[in-house]
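S.K.: One structure is given below, represented as C-alpha cells, and several questions about it will come after.
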Amino acid sequence: MPTALVTGATGLVGSHIVERLQADGWSVRALVRKPAAWLTSSGADCVRGDVLDADSFTSASRGVDVIFHNAATITDSGDWEMYRRMNVGGTTNAIEAAAASGARLVQMSSVAVYGGEARFRGPGAVTDEETPLQPLAEREYYARSKRESEALVMDAHASGRIWASAMRPDIIYGRRDRQCVPRVVTVLRLGVAPLIDGGRAILPIVHAANVADGAVRAASTDAAGGRVYNLANDYDVSMREFFELGAEGLGRRVRFVNVPSRLAKRVLAGVAGVVRAATFGRVRLLGAGAFEIFTEDNPFTSERARRELGWSPVVHPRDGVPEAFRWWKTHH
C-alpha cells in the first residue's frame, strides 16, 4: 500500500486529493497546523506541523512514497513578502523534504504562471504548456510566487535531486471552496444576477476532484517527472450555466440581467478603484486579466494531461456545481 503526505489537506484541492487517495487504497498522512474534524474522522494520519517549519515537514515525510504539496497563500490582499514566504518558502521545504525522504513530489502550481493578460492571446488561440511565459507585473504577487515555486521544483528535478511534476489548474470549485463559490453566492443571494454579454463566455474553471485526479495520475506516471500539466478545462461551462447550476444548488430563483461588456468594464473598474483607495492599495478587486475571465472563452487546453496521464475528469458540472453550492449553503 503506497503512502502519501498531503499538505493543504484541509483546503479545497488538498481535501479532494485525500479523498481520491483513500478511494484508491493509499495510506494518507496530512501535515496540518490544526486538524479538521472531517479529516480526522476520514482515517487520515494527521501530523501537526507547518510547511514553513522545515524540520516538521521533513519529519512528516519520512517513509512516504509521494508528497502532494498544495498549501499556499491565495488571498486577494497582502504584499510580496507574504506570498514569497508562504508559497516559495513552503515549496523550498517541500523540495528538501522530498530529497530527504526519496519521495516523489507533485506540486500544485497554477495557470497564473502564464500572466494575467498574456493567457488571452486572441480568438481561437490556446494556451498550453509550451506557451512562452511573459514578464509579470510587479504587483502580480501570487503569479510571481507560483512561477518562482514551480521553477524551483523543475530545477530540482532537472538536477536529479528529486522526481517532481507540477499541476497548473485555473479557477477551482467544489466542496470546501472558500474562493470561487462564496463570491458567486454573494451575487446569487440578491435574486438578480448580471450576465456580461449574456453570460456566453466559457469560464476557466475546473472541479477540485478533477484536479485531484490529474495529480494522482501524475504521481503514478514515471514519464510525468519533469513535466508540467494544465488541468484547466475539464468541461465547457458558460458563465450563465454556472450561475444557473449554482442557483439550483442554493435552491433559489434568480433573475438574470444582461449587461454589455463595455458598460460592465467601466462599472467594475470604478468599483475596483474605490476598493483600492479605501484599503490604501491593500485589496485589489481586479487583477491583470480578471475582466477577460467573464468576457473571453477559457483559453487553456489540457490535452497534454489527457494524452500523457490519461486524465479523464470524473465530475461533470451538472453534478459538481450544484453540489458545491449546496455544501456552501449547509455549512454557512
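Labels used: A, B, ... for chains in the order of the C-alpha cells, numbers from 1 for residues in each chain, and numbers from 1 for ligands as shown.
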With only C-alpha atoms as the counted atoms, please give the residues lying no more than 10 Å from range 132-147 of chain A, apart from itself and same-chain residues fewer than 4 positions off, as a PDB file with C-alpha atoms, in the first residue's frame.

M.R.:
```pdb
ATOM      1  CA  ALA A  72      -0.337  28.115  -0.476  1.00  0.00           C
ATOM      2  CA  THR A  73      -1.478  31.664   0.130  1.00  0.00           C
ATOM      3  CA  ILE A  74      -4.149  32.729  -2.373  1.00  0.00           C
ATOM      4  CA  THR A  75      -5.682  35.791  -0.704  1.00  0.00           C
ATOM      5  CA  ASP A  76      -6.581  38.985  -2.586  1.00  0.00           C
ATOM      6  CA  SER A  77      -4.544  41.167  -0.272  1.00  0.00           C
ATOM      7  CA  GLY A  78      -1.025  41.223   1.074  1.00  0.00           C
ATOM      8  CA  ASP A  79       2.454  42.123  -0.085  1.00  0.00           C
ATOM      9  CA  TRP A  80       5.157  40.264  -1.956  1.00  0.00           C
ATOM     10  CA  GLU A  81       6.900  39.160   1.242  1.00  0.00           C
ATOM     11  CA  MET A  82       3.762  37.364   2.440  1.00  0.00           C
ATOM     12  CA  TYR A  83       3.398  35.451  -0.833  1.00  0.00           C
ATOM     13  CA  ARG A  84       7.128  34.740  -1.075  1.00  0.00           C
ATOM     14  CA  ARG A  85       7.350  33.446   2.476  1.00  0.00           C
ATOM     15  CA  MET A  86       4.419  31.047   2.227  1.00  0.00           C
ATOM     16  CA  ASN A  87       4.415  29.940  -1.384  1.00  0.00           C
ATOM     17  CA  VAL A  88       8.114  29.992  -2.256  1.00  0.00           C
ATOM     18  CA  GLY A  89       9.310  29.155   1.255  1.00  0.00           C
ATOM     19  CA  THR A  91       7.817  24.861  -1.740  1.00  0.00           C
ATOM     20  CA  MET A 108       0.167  22.336  -7.148  1.00  0.00           C
ATOM     21  CA  SER A 109       1.110  25.283  -9.342  1.00  0.00           C
ATOM     22  CA  SER A 110      -1.371  27.474 -11.259  1.00  0.00           C
ATOM     23  CA  VAL A 111      -2.174  28.893 -14.688  1.00  0.00           C
ATOM     24  CA  ALA A 112      -1.283  32.203 -13.023  1.00  0.00           C
ATOM     25  CA  VAL A 113       2.291  31.495 -14.153  1.00  0.00           C
ATOM     26  CA  TYR A 114       1.249  32.494 -17.696  1.00  0.00           C
ATOM     27  CA  GLY A 115       0.450  36.032 -16.538  1.00  0.00           C
ATOM     28  CA  GLY A 116      -2.868  37.803 -16.224  1.00  0.00           C
ATOM     29  CA  GLU A 117      -3.028  39.264 -19.715  1.00  0.00           C
ATOM     30  CA  ALA A 118      -0.792  37.011 -21.813  1.00  0.00           C
ATOM     31  CA  ARG A 119      -3.058  33.985 -21.363  1.00  0.00           C
ATOM     32  CA  THR A 127      -2.657  28.494 -24.015  1.00  0.00           C
ATOM     33  CA  ASP A 128      -0.787  25.240 -23.463  1.00  0.00           C
ATOM     34  CA  ALA A 151      10.768  26.856 -11.321  1.00  0.00           C
ATOM     35  CA  LEU A 152      12.399  25.650  -8.087  1.00  0.00           C
ATOM     36  CA  ARG A 168      -1.462  24.062 -13.371  1.00  0.00           C
ATOM     37  CA  ARG A 284      -7.194  44.785  -5.473  1.00  0.00           C
ATOM     38  CA  GLY A 287      -6.093  41.735 -11.168  1.00  0.00           C
ATOM     39  CA  ALA A 288      -4.484  41.601 -14.589  1.00  0.00           C
TER      40      ALA A 288
END
```

S.K.: Extract the full set of strand (DSSP E or B) residues from range 201-239 of chain A according to DSSP on the backbone, and format it as a ChimeraX atom specification.

M.R.: /A:202,205-207,228-231,238

S.K.: Pull C-alpha atoms from the residues just selected and write them as a PDB file, in the first residue's frame.

M.R.:
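After the write, again.pdb holds the following:
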```
ATOM      1  CA  ILE A 202     -16.808  29.752 -21.279  1.00  0.00           C
ATOM      2  CA  ILE A 205     -12.906  26.690 -14.148  1.00  0.00           C
ATOM      3  CA  VAL A 206     -12.214  23.105 -13.101  1.00  0.00           C
ATOM      4  CA  HIS A 207     -13.643  20.881 -10.364  1.00  0.00           C
ATOM      5  CA  VAL A 228       4.044  20.468 -16.056  1.00  0.00           C
ATOM      6  CA  TYR A 229       0.378  19.905 -16.840  1.00  0.00           C
ATOM      7  CA  ASN A 230      -2.564  22.235 -17.351  1.00  0.00           C
ATOM      8  CA  LEU A 231      -5.616  20.862 -15.540  1.00  0.00           C
ATOM      9  CA  SER A 238     -20.566  29.182 -19.652  1.00  0.00           C
TER      10      SER A 238
END
```

S.K.: Contacts of range 17-33 of chain A at 9 Å or less, counting only C-alpha atoms, minus same-chain residues fewer than 4 places along, as a ChimeraX atom specification?

M.R.: /A:1-10,12-13,39,42-51,56-57,60-61,64,68,208-209,211-213,215-216

S.K.: Using DSSP secondary structure from the backbone, list all helix (DSSP H, G or I) positions within range 122-327 of chain A, as an MDAnalysis selection string.

M.R.: chainID A and resid 141:158 180:188 197:199 208:219 222:224 239:250 261:278 292:295 303:309 317:327

S.K.: Taking into account only C-alpha atoms, which residue in the set A:Pro317, A:Leu263, A:Arg307, A:Ala223 is nearest to Asp236 in chain A?

M.R.: A:Pro317

S.K.: Residues at most 12 Å from Arg306 in chain A, counting only C-alpha atoms, excluding those fewer than 4 positions away in the same chain, as a list in words?

M.R.: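 Once the adjacent positions are removed, what remains is Asn210, Asp213, Gly214, Arg217, Ala218, Tyr229, Asn230, Leu231, Ala232, Asn233, Asp234, Thr301, Ser302, Gly310, Trp311, Ser312 and Pro313 of chain A.
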
S.K.: Given only C-alpha atoms as the basis, pick out the residue of A:Cys180, A:Ile172, A:Thr92, A:Thr186 nearest to Met154 in chain A.

M.R.: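 When distances to Met154 in chain A are compared using only C-alpha atoms, the smallest one comes from A:Thr92.
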
S.K.: When you look at range 319-328 of chain A with a cut-off of 12 Å (counting only C-alpha atoms), what residues show up, excluding the ones that are within fewer than 2 positions of it in the same chain? I need them as a PyMOL selection string.

M.R.: chain A and resi 12+172-186+188-189+205-210+234-235+237+239+241-252+313-317+330-332

S.K.: If I take CA of Leu203 in chain A and CA of Gly124 in chain A, how far is one from the other in Å, to one decimal?

M.R.: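 Computing the Euclidean distance for CA of Leu203 in chain A and CA of Gly124 in chain A yields 14.8 Å.
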
S.K.: Which of these residues is nearest to Gly11 in chain A, using only C-alpha atoms: A:Ser59, A:Asn70, A:Met167, A:Ser159?

M.R.: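 Nearest to Gly11 in chain A: A:Asn70.
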
S.K.: Record the distance separating CA of Ile67 in chain A and CA of Ser149 in chain A, expressed in Å with one decimal.

M.R.: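 The value is 15.1 Å.
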
S.K.: Identify, on the basis of only C-alpha atoms, every residue whose closest approach to Arg227 in chain A does not exceed 7 Å; exclude the query and any residue fewer than 2 positions from it along the same chain; express the result as a list in words.

M.R.: Ser165, Ala166, Ala224, Gly225 and Tyr229 of chain A

S.K.: Take the residues from that selection and write them out as a PDB file, in the first residue's frame, keeping N, CA and C atoms.

M.R.:
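Once everything was written out, this is result33.pdb:
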```pdb
ATOM      1  N   SER A 165       6.775  16.715 -10.475  1.00  0.00           N
ATOM      2  CA  SER A 165       5.853  17.125 -11.527  1.00  0.00           C
ATOM      3  C   SER A 165       5.007  18.259 -10.965  1.00  0.00           C
ATOM      4  N   ALA A 166       4.498  19.128 -11.853  1.00  0.00           N
ATOM      5  CA  ALA A 166       3.702  20.279 -11.399  1.00  0.00           C
ATOM      6  C   ALA A 166       2.385  20.350 -12.156  1.00  0.00           C
ATOM      7  N   ALA A 224       5.852  11.464 -16.189  1.00  0.00           N
ATOM      8  CA  ALA A 224       5.400  12.795 -15.769  1.00  0.00           C
ATOM      9  C   ALA A 224       6.503  13.560 -15.041  1.00  0.00           C
ATOM     10  N   GLY A 225       7.575  12.887 -14.679  1.00  0.00           N
ATOM     11  CA  GLY A 225       8.674  13.556 -13.994  1.00  0.00           C
ATOM     12  C   GLY A 225       9.272  14.658 -14.851  1.00  0.00           C
ATOM     13  N   TYR A 229       1.638  20.249 -16.189  1.00  0.00           N
ATOM     14  CA  TYR A 229       0.378  19.905 -16.840  1.00  0.00           C
ATOM     15  C   TYR A 229      -0.708  20.921 -16.516  1.00  0.00           C
TER      16      TYR A 229
END
```
